[in-house]
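For reference, start36.txt (compact mmCIF, C-alpha atoms and all ligand atoms):
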```
# COMPACT_ATOMS: atom_id res chain seq x y z
CA MET A 234 -3.69 5.36 26.72
CA GLY A 235 -7.12 3.97 25.93
CA LYS A 236 -9.64 2.57 28.36
CA TYR A 237 -7.75 -0.75 28.49
CA ASP A 238 -4.46 1.04 29.29
CA ALA A 239 -3.20 -0.09 25.93
CA PRO A 240 -1.96 2.44 23.37
CA ARG A 241 -4.81 3.80 21.28
CA VAL A 242 -3.81 3.68 17.63
CA LEU A 243 -5.51 5.38 14.70
CA VAL A 244 -5.17 3.73 11.29
CA THR A 245 -6.41 5.89 8.40
CA GLY A 246 -7.27 3.81 5.34
CA GLY A 247 -7.76 0.91 7.78
CA ALA A 248 -10.35 -0.85 5.59
CA GLY A 249 -7.97 -0.99 2.62
CA PHE A 250 -5.59 -3.75 1.61
CA LEU A 251 -2.60 -2.82 3.80
CA GLY A 252 -4.68 -1.05 6.45
CA SER A 253 -6.77 -4.11 7.24
CA PHE A 254 -3.67 -6.24 7.87
CA LEU A 255 -2.19 -3.45 9.98
CA CYS A 256 -5.37 -3.20 12.13
CA GLU A 257 -5.26 -6.98 12.59
CA ARG A 258 -1.61 -6.92 13.66
CA LEU A 259 -2.07 -3.97 16.05
CA LEU A 260 -5.04 -5.69 17.72
CA LYS A 261 -2.99 -8.87 18.07
CA ASP A 262 -0.26 -6.81 19.77
CA GLY A 263 -2.83 -5.65 22.37
CA ASN A 264 -3.55 -2.11 21.12
CA GLU A 265 -6.88 -0.32 20.93
CA VAL A 266 -7.42 0.39 17.24
CA ILE A 267 -9.53 3.08 15.60
CA CYS A 268 -9.94 2.46 11.90
CA VAL A 269 -10.88 5.54 9.86
CA ASP A 270 -11.92 5.08 6.24
CA ASN A 271 -14.22 6.68 3.68
CA PHE A 272 -14.50 3.35 1.81
CA TYR A 273 -13.34 4.87 -1.47
CA THR A 274 -11.31 1.74 -2.27
CA GLY A 275 -11.57 -0.01 1.09
CA ARG A 276 -14.24 -2.58 1.92
CA ARG A 277 -16.13 -3.61 5.03
CA ASP A 278 -15.32 -7.23 4.12
CA ASN A 279 -11.63 -6.55 4.75
CA ILE A 280 -12.30 -5.77 8.42
CA ALA A 281 -15.50 -7.79 9.03
CA HIS A 282 -13.54 -10.39 11.03
CA LEU A 283 -12.29 -7.68 13.42
CA LEU A 284 -15.62 -6.00 14.19
CA ALA A 285 -16.49 -8.24 17.15
CA GLN A 286 -13.33 -7.24 19.05
CA SER A 287 -14.05 -4.72 21.79
CA ARG A 288 -10.70 -2.96 21.23
CA PHE A 289 -11.64 -2.24 17.58
CA GLU A 290 -13.69 0.70 16.36
CA VAL A 291 -14.54 1.90 12.84
CA ILE A 292 -15.31 5.49 11.84
CA ARG A 293 -16.52 6.37 8.33
CA HIS A 294 -14.68 9.61 7.66
CA ASP A 295 -12.86 11.38 4.84
CA ILE A 296 -9.47 12.61 6.11
CA THR A 297 -9.60 15.67 3.87
CA PHE A 298 -11.85 16.96 6.70
CA PRO A 299 -10.59 17.48 10.28
CA LEU A 300 -10.98 14.63 12.75
CA TYR A 301 -11.20 14.92 16.54
CA VAL A 302 -10.24 11.76 18.44
CA GLU A 303 -7.88 11.07 21.34
CA ILE A 304 -5.03 8.81 20.28
CA ASP A 305 -1.39 7.89 21.00
CA GLN A 306 -0.24 6.87 17.53
CA ILE A 307 -1.37 7.48 13.95
CA TYR A 308 -0.60 5.33 10.93
CA ASN A 309 -1.63 7.48 7.94
CA LEU A 310 -2.44 5.04 5.13
CA ALA A 311 -5.54 6.65 3.61
CA CYS A 312 -5.02 7.13 -0.14
CA PRO A 313 -5.94 5.01 -3.15
CA ALA A 314 -2.77 3.19 -4.19
CA SER A 315 -3.41 1.58 -7.56
CA PRO A 316 -2.93 3.73 -10.70
CA VAL A 317 -6.47 2.90 -11.91
CA HIS A 318 -7.99 4.07 -8.61
CA TYR A 319 -5.84 7.12 -7.96
CA GLN A 320 -6.29 8.39 -11.53
CA ARG A 321 -10.09 8.03 -11.39
CA ASP A 322 -10.46 11.23 -9.33
CA PRO A 323 -6.98 12.79 -9.39
CA VAL A 324 -8.03 16.00 -7.61
CA GLN A 325 -9.37 13.97 -4.69
CA THR A 326 -6.12 11.93 -4.69
CA THR A 327 -4.02 15.06 -4.20
CA LYS A 328 -6.47 16.37 -1.59
CA THR A 329 -6.28 13.09 0.32
CA SER A 330 -2.48 13.18 0.40
CA VAL A 331 -2.08 16.90 1.11
CA HIS A 332 -5.18 18.04 3.06
CA GLY A 333 -5.28 14.58 4.68
CA ALA A 334 -1.66 14.96 5.86
CA ILE A 335 -2.34 18.46 7.20
CA ASN A 336 -5.38 17.20 9.14
CA MET A 337 -3.58 14.15 10.54
CA LEU A 338 -0.48 16.18 11.44
CA GLY A 339 -2.77 18.71 13.15
CA LEU A 340 -4.34 15.87 15.10
CA ALA A 341 -0.87 14.58 16.07
CA LYS A 342 0.11 18.09 17.17
CA ARG A 343 -2.97 18.52 19.39
CA THR A 344 -2.77 15.04 20.95
CA GLY A 345 1.03 14.66 21.05
CA ALA A 346 0.68 11.42 19.10
CA LYS A 347 3.49 9.83 17.13
CA ILE A 348 2.60 9.74 13.42
CA LEU A 349 3.74 7.46 10.58
CA GLN A 350 3.22 8.30 6.93
CA ALA A 351 2.71 5.55 4.32
CA SER A 352 4.78 7.16 1.58
CA THR A 353 5.78 5.37 -1.58
CA SER A 354 8.54 4.40 -3.98
CA GLU A 355 6.63 6.63 -6.43
CA VAL A 356 8.42 9.61 -4.85
CA TYR A 357 11.41 8.36 -6.89
CA GLY A 358 9.28 8.50 -10.08
CA ASP A 359 11.04 6.91 -13.08
CA PRO A 360 14.38 6.68 -11.26
CA HIS A 361 17.83 7.46 -12.67
CA ILE A 362 19.50 5.74 -9.69
CA HIS A 363 19.26 1.98 -9.27
CA PRO A 364 18.55 0.50 -6.75
CA GLN A 365 16.78 3.43 -5.12
CA ARG A 366 18.31 4.85 -1.93
CA GLU A 367 16.55 7.25 0.41
CA SER A 368 19.05 9.99 -0.46
CA TYR A 369 17.85 10.04 -4.10
CA TRP A 370 15.46 12.97 -4.81
CA GLY A 371 13.64 11.29 -7.67
CA ASN A 372 12.53 11.94 -11.23
CA VAL A 373 8.82 12.73 -11.23
CA ASN A 374 6.69 14.29 -13.99
CA PRO A 375 4.59 16.84 -12.05
CA ILE A 376 2.00 17.25 -14.82
CA GLY A 377 1.55 13.65 -15.99
CA PRO A 378 -1.24 11.22 -15.07
CA ARG A 379 0.74 9.82 -12.11
CA GLY A 380 1.51 13.31 -10.77
CA CYS A 381 -1.58 13.46 -8.50
CA TYR A 382 -0.27 10.50 -6.55
CA ASP A 383 3.49 11.05 -6.79
CA GLU A 384 3.46 14.80 -6.08
CA GLY A 385 0.73 14.41 -3.45
CA LYS A 386 2.90 11.91 -1.59
CA ARG A 387 6.00 14.09 -2.03
CA CYS A 388 4.17 17.11 -0.62
CA ALA A 389 2.95 14.97 2.29
CA GLU A 390 6.59 14.09 3.07
CA THR A 391 7.45 17.81 2.99
CA LEU A 392 4.62 18.53 5.44
CA PHE A 393 5.75 15.74 7.76
CA PHE A 394 9.30 17.11 7.91
CA ASP A 395 8.13 20.72 8.32
CA TYR A 396 5.84 19.77 11.21
CA HIS A 397 8.77 17.85 12.70
CA ARG A 398 11.15 20.83 12.41
CA GLN A 399 8.62 23.56 13.22
CA HIS A 400 6.46 21.84 15.85
CA GLU A 401 8.76 19.01 17.01
CA LEU A 402 6.27 16.36 16.03
CA ARG A 403 7.42 12.77 16.37
CA ILE A 404 7.27 11.51 12.77
CA LYS A 405 8.13 8.35 10.84
CA VAL A 406 8.09 8.19 7.04
CA ALA A 407 8.06 4.82 5.27
CA ARG A 408 8.61 4.65 1.51
CA ILE A 409 6.70 1.53 0.57
CA PHE A 410 7.55 -0.42 -2.60
CA ASN A 411 5.03 -2.61 -4.48
CA THR A 412 3.28 -4.82 -1.96
CA TYR A 413 0.86 -7.64 -2.72
CA GLY A 414 -1.19 -10.31 -0.98
CA PRO A 415 -4.71 -11.44 -0.09
CA ARG A 416 -7.38 -8.69 0.13
CA MET A 417 -5.99 -6.72 -2.79
CA HIS A 418 -8.98 -5.38 -4.67
CA HIS A 419 -9.73 -7.87 -7.48
CA ASN A 420 -10.50 -4.99 -9.83
CA ASP A 421 -7.86 -2.44 -8.93
CA GLY A 422 -5.70 -2.93 -12.02
CA ARG A 423 -2.49 -3.58 -10.09
CA VAL A 424 -0.24 -6.05 -11.80
CA VAL A 425 -0.36 -8.89 -9.26
CA SER A 426 -4.13 -8.86 -8.77
CA ASN A 427 -4.77 -8.37 -12.50
CA PHE A 428 -2.54 -11.27 -13.54
CA ILE A 429 -3.90 -13.65 -10.89
CA VAL A 430 -7.54 -12.88 -11.71
CA GLN A 431 -6.83 -13.25 -15.43
CA ALA A 432 -4.91 -16.51 -14.88
CA LEU A 433 -7.66 -18.03 -12.73
CA ARG A 434 -10.31 -17.09 -15.30
CA GLY A 435 -8.21 -18.43 -18.17
CA GLU A 436 -8.30 -14.98 -19.79
CA PRO A 437 -5.32 -13.41 -21.60
CA ILE A 438 -2.66 -11.97 -19.27
CA THR A 439 -2.34 -8.29 -20.20
CA ILE A 440 1.31 -7.20 -20.23
CA TYR A 441 1.71 -3.46 -20.77
CA GLY A 442 4.69 -2.71 -23.02
CA SER A 443 7.14 -5.57 -23.63
CA GLY A 444 7.18 -6.68 -19.99
CA VAL A 445 10.88 -5.89 -19.45
CA GLN A 446 10.02 -3.19 -16.90
CA THR A 447 10.77 -4.35 -13.37
CA ARG A 448 9.22 -4.06 -9.93
CA SER A 449 10.20 -5.58 -6.58
CA PHE A 450 7.27 -7.30 -4.89
CA CYS A 451 6.95 -7.50 -1.12
CA TYR A 452 4.46 -9.82 0.59
CA VAL A 453 2.02 -7.97 2.84
CA ASP A 454 3.04 -9.67 6.15
CA ASP A 455 6.67 -8.60 5.69
CA LEU A 456 5.63 -5.04 4.93
CA ILE A 457 3.31 -4.74 7.95
CA ASP A 458 6.08 -6.02 10.22
CA GLY A 459 8.37 -3.31 8.82
CA LEU A 460 5.78 -0.57 9.46
CA VAL A 461 5.23 -1.64 13.08
CA ARG A 462 8.97 -1.86 13.72
CA LEU A 463 9.47 1.62 12.26
CA MET A 464 6.72 3.11 14.44
CA ASN A 465 8.41 1.64 17.52
CA THR A 466 11.90 3.02 16.88
CA PRO A 467 13.32 5.81 19.08
CA ASP A 468 12.05 9.35 18.32
CA GLY A 469 15.34 10.37 16.66
CA LEU A 470 14.64 8.03 13.75
CA THR A 471 12.29 9.79 11.36
CA GLY A 472 13.08 8.09 8.05
CA PRO A 473 12.38 8.32 5.22
CA LEU A 474 13.02 4.61 5.15
CA ASN A 475 12.53 2.26 2.20
CA LEU A 476 10.38 -0.78 2.96
CA GLY A 477 10.11 -3.40 0.25
CA ASN A 478 11.53 -6.62 -1.09
CA PRO A 479 14.84 -6.09 -2.92
CA VAL A 480 14.30 -9.05 -5.27
CA GLU A 481 13.68 -7.46 -8.68
CA THR A 482 11.34 -9.19 -11.14
CA SER A 483 10.32 -8.20 -14.66
CA VAL A 484 6.62 -7.99 -15.42
CA HIS A 485 7.14 -10.77 -17.96
CA GLU A 486 8.73 -13.09 -15.37
CA LEU A 487 5.87 -12.29 -13.00
CA ALA A 488 3.29 -13.27 -15.65
CA GLU A 489 5.06 -16.58 -16.33
CA GLN A 490 5.36 -17.37 -12.63
CA ILE A 491 1.65 -16.68 -12.00
CA ILE A 492 0.63 -18.83 -14.98
CA ARG A 493 2.79 -21.68 -13.66
CA LEU A 494 1.76 -21.46 -10.00
CA SER A 495 -1.94 -21.23 -10.81
CA GLY A 496 -1.85 -24.01 -13.41
CA SER A 497 -3.46 -21.61 -15.87
CA VAL A 498 -3.97 -22.02 -19.61
CA SER A 499 -3.88 -18.25 -20.18
CA GLN A 500 -1.91 -16.79 -23.07
CA ILE A 501 -0.02 -13.49 -22.91
CA ASN A 502 -1.49 -10.44 -24.63
CA TYR A 503 0.66 -7.31 -25.10
CA ARG A 504 -0.95 -3.87 -24.63
CA PRO A 505 0.44 -0.32 -24.87
CA LEU A 506 2.58 0.88 -21.97
CA PRO A 507 0.84 3.60 -19.91
CA GLN A 508 2.44 7.07 -19.87
CA ASP A 509 5.28 7.62 -17.36
CA ASP A 510 5.36 3.94 -16.34
CA PRO A 511 8.65 3.57 -14.39
CA VAL A 512 11.19 1.31 -16.12
CA ARG A 513 13.00 -0.13 -13.08
CA ARG A 514 12.25 -0.22 -9.41
CA ARG A 515 14.15 -1.90 -6.59
CA PRO A 516 14.65 -0.67 -3.04
CA ASP A 517 18.00 -0.41 -1.33
CA ILE A 518 16.89 -1.56 2.12
CA SER A 519 20.18 -1.26 3.98
CA LEU A 520 18.84 1.55 6.20
CA ALA A 521 15.81 -0.55 7.24
CA ALA A 522 18.01 -3.60 7.75
CA ASP A 523 20.26 -1.59 10.11
CA ALA A 524 17.68 0.49 11.95
CA LEU A 525 14.85 -2.05 12.21
CA ARG A 526 16.77 -5.32 11.96
CA TRP A 527 14.25 -6.04 9.23
CA SER A 528 14.31 -7.77 5.90
CA PRO A 529 11.54 -9.57 4.02
CA ALA A 530 11.24 -13.28 4.84
CA ILE A 531 8.60 -14.42 2.35
CA SER A 532 9.70 -15.38 -1.15
CA LEU A 533 7.76 -14.39 -4.26
CA THR A 534 6.81 -18.04 -4.87
CA VAL A 535 5.37 -18.49 -1.38
CA GLY A 536 3.63 -15.10 -1.40
CA LEU A 537 2.13 -15.61 -4.85
CA THR A 538 0.92 -19.10 -3.91
CA ARG A 539 -0.91 -17.68 -0.87
CA THR A 540 -2.38 -14.85 -2.93
CA ILE A 541 -3.54 -17.21 -5.69
CA GLU A 542 -5.26 -19.37 -3.06
CA TYR A 543 -7.06 -16.28 -1.71
CA PHE A 544 -8.31 -15.31 -5.17
CA ARG A 545 -9.31 -18.90 -6.03
CA HIS A 546 -12.00 -18.61 -3.31
CA HIS A 547 -12.87 -14.99 -4.08
CA PRO A 548 -16.53 -14.36 -5.04
CA ALA A 549 -15.44 -12.59 -8.27
CA ILE A 550 -13.67 -15.76 -9.44
CA ARG A 551 -16.32 -18.20 -8.15
CA ALA A 552 -19.14 -16.21 -9.80
CA TYR A 553 -17.18 -16.13 -13.06
CA ALA A 554 -16.50 -19.90 -12.94
CA LYS A 555 -20.20 -20.56 -12.30
CA ARG A 556 -21.27 -18.34 -15.23
CA SER A 557 -18.76 -20.05 -17.56
CA THR A 558 -20.03 -23.52 -16.54
CA VAL A 559 -23.66 -22.51 -17.17
CA ALA A 560 -22.74 -20.95 -20.54
CA ALA A 561 -20.94 -24.16 -21.60
CA GLN A 562 -23.97 -26.36 -20.76
P1 LIG B 1 -6.00 0.68 -0.73
O1 LIG B 1 -6.60 1.48 -1.82
O2 LIG B 1 -6.41 -0.74 -0.59
O3 LIG B 1 -6.26 1.38 0.68
C1 LIG B 1 -6.41 2.76 0.84
C2 LIG B 1 -7.52 3.01 1.84
O4 LIG B 1 -7.65 4.40 2.07
C3 LIG B 1 -8.88 2.49 1.36
O5 LIG B 1 -9.50 1.77 2.38
C4 LIG B 1 -9.63 3.78 1.02
O6 LIG B 1 -11.02 3.64 1.12
C5 LIG B 1 -9.04 4.73 2.03
N1 LIG B 1 -9.15 6.14 1.65
C6 LIG B 1 -8.85 6.72 0.46
N2 LIG B 1 -9.06 8.04 0.50
C7 LIG B 1 -9.50 8.32 1.76
C8 LIG B 1 -9.88 9.50 2.42
N3 LIG B 1 -9.86 10.70 1.79
N4 LIG B 1 -10.30 9.43 3.71
C9 LIG B 1 -10.33 8.23 4.34
N5 LIG B 1 -9.98 7.08 3.77
C10 LIG B 1 -9.56 7.12 2.49
O7 LIG B 1 -4.42 0.79 -0.89
P2 LIG B 1 -3.25 0.05 -0.09
O8 LIG B 1 -2.47 -0.74 -1.07
O9 LIG B 1 -3.76 -0.59 1.13
O10 LIG B 1 -2.34 1.31 0.30
C11 LIG B 1 -2.36 1.88 1.60
C12 LIG B 1 -1.35 3.00 1.69
O11 LIG B 1 -0.04 2.50 1.42
C13 LIG B 1 -1.60 4.13 0.69
O12 LIG B 1 -1.34 5.36 1.32
C14 LIG B 1 -0.59 3.88 -0.40
O13 LIG B 1 -0.21 5.07 -1.05
C15 LIG B 1 0.57 3.25 0.39
N6 LIG B 1 1.38 2.39 -0.48
C16 LIG B 1 0.91 1.16 -0.88
C17 LIG B 1 1.69 0.39 -1.75
C18 LIG B 1 1.24 -0.98 -2.22
O14 LIG B 1 1.94 -1.59 -3.03
N7 LIG B 1 0.16 -1.53 -1.74
C19 LIG B 1 2.93 0.87 -2.20
C20 LIG B 1 3.33 2.15 -1.79
C21 LIG B 1 2.57 2.89 -0.92
N1 LIG B 2 1.11 -3.93 -15.62
C1 LIG B 2 0.93 -4.81 -16.66
N2 LIG B 2 -0.29 -5.40 -16.82
C2 LIG B 2 -1.34 -5.14 -15.98
C3 LIG B 2 -1.14 -4.25 -14.90
C4 LIG B 2 0.10 -3.64 -14.76
O1 LIG B 2 1.85 -5.09 -17.43
O2 LIG B 2 -2.40 -5.74 -16.20
C5 LIG B 2 2.44 -3.31 -15.43
C6 LIG B 2 2.43 -1.79 -15.30
O3 LIG B 2 2.48 -1.17 -16.59
C7 LIG B 2 3.70 -1.56 -14.50
C8 LIG B 2 3.79 -2.79 -13.59
O4 LIG B 2 2.95 -3.77 -14.19
O5 LIG B 2 4.82 -1.56 -15.35
C9 LIG B 2 3.28 -2.52 -12.17
O6 LIG B 2 2.01 -1.91 -12.25
P1 LIG B 2 1.11 -1.60 -10.98
O7 LIG B 2 -0.08 -0.86 -11.49
O8 LIG B 2 0.88 -2.83 -10.20
O9 LIG B 2 2.01 -0.66 -10.04
P2 LIG B 2 3.00 0.56 -10.27
O10 LIG B 2 3.14 0.88 -11.73
O11 LIG B 2 2.38 1.68 -9.53
O12 LIG B 2 4.27 0.08 -9.71
```

Using structure tokens, write down the structure that the file contains.
Amino acid sequence: MGKYDAPRVLVTGGAGFLGSFLCERLLKDGNEVICVDNFYTGRRDNIAHLLAQSRFEVIRHDITFPLYVEIDQIYNLACPASPVHYQRDPVQTTKTSVHGAINMLGLAKRTGAKILQASTSEVYGDPHIHPQRESYWGNVNPIGPRGCYDEGKRCAETLFFDYHRQHELRIKVARIFNTYGPRMHHNDGRVVSNFIVQALRGEPITIYGSGVQTRSFCYVDDLIDGLVRLMNTPDGLTGPLNLGNPVETSVHELAEQIIRLSGSVSQINYRPLPQDDPVRRRPDISLAADALRWSPAISLTVGLTRTIEYFRHHPAIRAYAKRSTVAAQ
């Protein structure tokens, strides 16, 4: 326990998109929160509103190096998540997943902390089974451009289960499917942020391929609730557990919905499909529904509306609108 007799929780990647919402939620629940981040894709802005809280602490640290803190729980979220970011320095991406997991598991072993891994639907690769169940072993190209992320996350899962079997660590593994919401990086290339930024700027919406590929989009609040519930399950429940929204949407439908909800005049522009881009993705969440009594509550329309409102007031959009007005004068 921390100095306030509340659990002391470490969140790696706490200044990132999901991490910042998780820190916020854990503080609200009364925990002491230590946010560790090397600010590779995370931003101080994401956590600026939390800095005044006495139960919140930030450490600039790269988890590929050992960390010595006293904690009760670890949420291991550190890792760039968007293809553009994780492919920029693929060796560092693998190191973050693998060396980072070893360091955080070592920390959990020394302190006796419970540890949760933010794994991903990418462990299923371009899946042959639809919807994806946890029992499916996946179809991943180990040497392709997504391999650094997919195989890094798969190896991290292996490490979690080996530490559990060999050292009796208390582990939880969440396989997170595409999640979106405010505080996504405006420039991270992920489909929701890309389309919203393009729609608000009136620029062409870039669909890769024909847009028939599908994803299932979960709003951030639902996802964070799932993570916290999973951490608080009895020790016997390790996962892996799918967390995501089972409503499947094609990239084309997503583009049309964002154009409509934002009142945009943007046209659609088709670009080549990146290598190894998964064709279909939808979680089977029956395990999470049973074990956590959890299912997403926020519809795509409501979630997208909130995210569009966030980006409407984002400096990157405001600065662009100002430049366009000046240019037109
Ligand atoms: P993000 O890029 O916004 O956040 C990742 C955070 O980790 C950033 O703050 C970054 O600076 C930090 N980080 C990266 N490498 C680090 C290192 N070596 N040491 C310390 N900090 C480091 O991404 P996100 O969407 O918030 O994703 C968070 C986690 O959830 C990731 O592990 C990701 O793989 C997983 N996940 C996310 C999604 C999604 O749709 N958002 C889906 C599946 C899995
Ligand atoms: N995508 C797209 N246009 C963009 C960005 C992404 O059509 O501007 C597609 C991408 O090819 C993929 C889907 O949207 O099929 C989701 O991409 P994202 O990078 O968000 O996540 P991931 O592929 O990791 O699920």

Near Val512 of chain A, counting all atoms listed in the file, which residues have an atom at most 7 Å away, once you skip same-chain residues fewer than 4 positions from it, shown as a ChimeraX atom specification? /A:359,446-447

Can you measure atom O11 of ligand LIG 2 (chain B) to atom CA of Pro511 of chain A for me? One decimal in Å is fine. 8.2 Å

Expected selection as a count of residues only for ligand LIG 2 (chain B) within 9 Å, only C-alpha atoms and all ligand atoms: 47

Please identify every residue of chain A that has at least one atom no farther than 8 Å from an atom of ligand LIG 1 (chain B), counting all atoms listed in the file, and for each give the shortest atom pair and the distance in Å to one decimal, arranged by chain then increasing number, as JSON lines.
```
{"residue": "A:Thr245", "atom": "CA", "partner": "B:LIG1", "partner_atom": "N5", "distance": 6.0}
{"residue": "A:Gly246", "atom": "CA", "partner": "B:LIG1", "partner_atom": "O4", "distance": 3.3}
{"residue": "A:Gly247", "atom": "CA", "partner": "B:LIG1", "partner_atom": "O5", "distance": 5.7}
{"residue": "A:Ala248", "atom": "CA", "partner": "B:LIG1", "partner_atom": "O5", "distance": 4.2}
{"residue": "A:Gly249", "atom": "CA", "partner": "B:LIG1", "partner_atom": "O5", "distance": 3.2}
{"residue": "A:Phe250", "atom": "CA", "partner": "B:LIG1", "partner_atom": "O9", "distance": 3.7}
{"residue": "A:Leu251", "atom": "CA", "partner": "B:LIG1", "partner_atom": "O9", "distance": 3.7}
{"residue": "A:Gly252", "atom": "CA", "partner": "B:LIG1", "partner_atom": "O9", "distance": 5.4}
{"residue": "A:Ser253", "atom": "CA", "partner": "B:LIG1", "partner_atom": "O9", "distance": 7.7}
{"residue": "A:Val269", "atom": "CA", "partner": "B:LIG1", "partner_atom": "C9", "distance": 6.2}
{"residue": "A:Asp270", "atom": "CA", "partner": "B:LIG1", "partner_atom": "N5", "distance": 3.7}
{"residue": "A:Asn271", "atom": "CA", "partner": "B:LIG1", "partner_atom": "C9", "distance": 4.2}
{"residue": "A:Phe272", "atom": "CA", "partner": "B:LIG1", "partner_atom": "O6", "distance": 3.6}
{"residue": "A:Tyr273", "atom": "CA", "partner": "B:LIG1", "partner_atom": "O6", "distance": 3.7}
{"residue": "A:Thr274", "atom": "CA", "partner": "B:LIG1", "partner_atom": "O6", "distance": 3.9}
{"residue": "A:Gly275", "atom": "CA", "partner": "B:LIG1", "partner_atom": "O5", "distance": 3.0}
{"residue": "A:Arg276", "atom": "CA", "partner": "B:LIG1", "partner_atom": "O5", "distance": 6.4}
{"residue": "A:Arg293", "atom": "CA", "partner": "B:LIG1", "partner_atom": "C9", "distance": 7.6}
{"residue": "A:His294", "atom": "CA", "partner": "B:LIG1", "partner_atom": "C9", "distance": 5.6}
{"residue": "A:Asp295", "atom": "CA", "partner": "B:LIG1", "partner_atom": "N4", "distance": 3.4}
{"residue": "A:Ile296", "atom": "CA", "partner": "B:LIG1", "partner_atom": "N4", "distance": 4.1}
{"residue": "A:Thr297", "atom": "CA", "partner": "B:LIG1", "partner_atom": "N3", "distance": 5.4}
{"residue": "A:Asn309", "atom": "CA", "partner": "B:LIG1", "partner_atom": "O12", "distance": 7.0}
{"residue": "A:Leu310", "atom": "CA", "partner": "B:LIG1", "partner_atom": "O12", "distance": 4.0}
{"residue": "A:Ala311", "atom": "CA", "partner": "B:LIG1", "partner_atom": "O4", "distance": 3.4}
{"residue": "A:Cys312", "atom": "CA", "partner": "B:LIG1", "partner_atom": "C6", "distance": 3.9}
{"residue": "A:Pro313", "atom": "CA", "partner": "B:LIG1", "partner_atom": "O1", "distance": 3.8}
{"residue": "A:Ala314", "atom": "CA", "partner": "B:LIG1", "partner_atom": "O7", "distance": 4.4}
{"residue": "A:Ser315", "atom": "CA", "partner": "B:LIG1", "partner_atom": "O1", "distance": 6.6}
{"residue": "A:His318", "atom": "CA", "partner": "B:LIG1", "partner_atom": "O1", "distance": 7.4}
{"residue": "A:Gln325", "atom": "CA", "partner": "B:LIG1", "partner_atom": "N3", "distance": 7.3}
{"residue": "A:Thr326", "atom": "CA", "partner": "B:LIG1", "partner_atom": "N2", "distance": 7.1}
{"residue": "A:Lys328", "atom": "CA", "partner": "B:LIG1", "partner_atom": "N3", "distance": 7.4}
{"residue": "A:Thr329", "atom": "CA", "partner": "B:LIG1", "partner_atom": "N3", "distance": 4.5}
{"residue": "A:Ser330", "atom": "CA", "partner": "B:LIG1", "partner_atom": "N3", "distance": 7.9}
{"residue": "A:Gly333", "atom": "CA", "partner": "B:LIG1", "partner_atom": "N3", "distance": 6.7}
{"residue": "A:Gln350", "atom": "CA", "partner": "B:LIG1", "partner_atom": "O12", "distance": 7.8}
{"residue": "A:Ala351", "atom": "CA", "partner": "B:LIG1", "partner_atom": "O11", "distance": 5.0}
{"residue": "A:Ser352", "atom": "CA", "partner": "B:LIG1", "partner_atom": "C21", "distance": 5.4}
{"residue": "A:Thr353", "atom": "CA", "partner": "B:LIG1", "partner_atom": "C20", "distance": 4.1}
{"residue": "A:Ser354", "atom": "CA", "partner": "B:LIG1", "partner_atom": "C20", "distance": 6.1}
{"residue": "A:Glu355", "atom": "CA", "partner": "B:LIG1", "partner_atom": "C20", "distance": 7.2}
{"residue": "A:Tyr382", "atom": "CA", "partner": "B:LIG1", "partner_atom": "O13", "distance": 7.7}
{"residue": "A:Lys386", "atom": "CA", "partner": "B:LIG1", "partner_atom": "O13", "distance": 7.5}
{"residue": "A:Arg408", "atom": "CA", "partner": "B:LIG1", "partner_atom": "C20", "distance": 6.7}
{"residue": "A:Ile409", "atom": "CA", "partner": "B:LIG1", "partner_atom": "C20", "distance": 4.2}
{"residue": "A:Phe410", "atom": "CA", "partner": "B:LIG1", "partner_atom": "C19", "distance": 4.8}
{"residue": "A:Asn411", "atom": "CA", "partner": "B:LIG1", "partner_atom": "O14", "distance": 3.6}
{"residue": "A:Thr412", "atom": "CA", "partner": "B:LIG1", "partner_atom": "O14", "distance": 3.7}
{"residue": "A:Tyr413", "atom": "CA", "partner": "B:LIG1", "partner_atom": "O14", "distance": 6.2}
{"residue": "A:Met417", "atom": "CA", "partner": "B:LIG1", "partner_atom": "O2", "distance": 6.4}
{"residue": "A:His418", "atom": "CA", "partner": "B:LIG1", "partner_atom": "O2", "distance": 6.7}
{"residue": "A:Cys451", "atom": "CA", "partner": "B:LIG1", "partner_atom": "O14", "distance": 8.0}
```

How big is the axis-aligned box around all listed atoms of segment 546-549 of chain A once 8 Å goes on each side, and where's its centre, in Å to one decimal, as JSON?
```
{"center_x": -14.3, "center_y": -15.6, "center_z": -5.8, "size_x": 20.5, "size_y": 22.0, "size_z": 21.0}
```

Length of the atom CA of Val244 of chain A to atom CA of Ala522 of chain A vector [Å]: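 Taking atom CA of Val244 of chain A and atom CA of Ala522 of chain A, their separation equals 24.6 Å.
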
Distance in Å - atom CA of Pro323 of chain A versus atom CA of Phe298 of chain A: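 Computing the Euclidean distance for atom CA of Pro323 of chain A and atom CA of Phe298 of chain A yields 17.3 Å.
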
For segment 364-377 of chain A, list every protein, DNA or RNA residue within 8 Å, evaluated using only C-alpha atoms, and leave out those in the same chain fewer than 4 positions away; present the list as a PyMOL selection string. chain A and resi 356-360+381+383-384+473-475+508-509+514-518

Go ahead and dump the residues you just picked, C-alpha atoms, as a short mmCIF file (atom, residue, chain, number, x, y, z; two decimals), in the frame of the given file.
```
data_model
loop_
_atom_site.label_atom_id
_atom_site.label_comp_id
_atom_site.auth_asym_id
_atom_site.auth_seq_id
_atom_site.Cartn_x
_atom_site.Cartn_y
_atom_site.Cartn_z
CA VAL A 356 8.42 9.61 -4.85
CA TYR A 357 11.41 8.36 -6.89
CA GLY A 358 9.28 8.50 -10.08
CA ASP A 359 11.04 6.91 -13.08
CA PRO A 360 14.38 6.68 -11.26
CA CYS A 381 -1.58 13.46 -8.50
CA ASP A 383 3.49 11.05 -6.79
CA GLU A 384 3.46 14.80 -6.08
CA PRO A 473 12.38 8.32 5.22
CA LEU A 474 13.02 4.61 5.15
CA ASN A 475 12.53 2.26 2.20
CA GLN A 508 2.44 7.07 -19.87
CA ASP A 509 5.28 7.62 -17.36
CA ARG A 514 12.25 -0.22 -9.41
CA ARG A 515 14.15 -1.90 -6.59
CA PRO A 516 14.65 -0.67 -3.04
CA ASP A 517 18.00 -0.41 -1.33
CA ILE A 518 16.89 -1.56 2.12
#
```
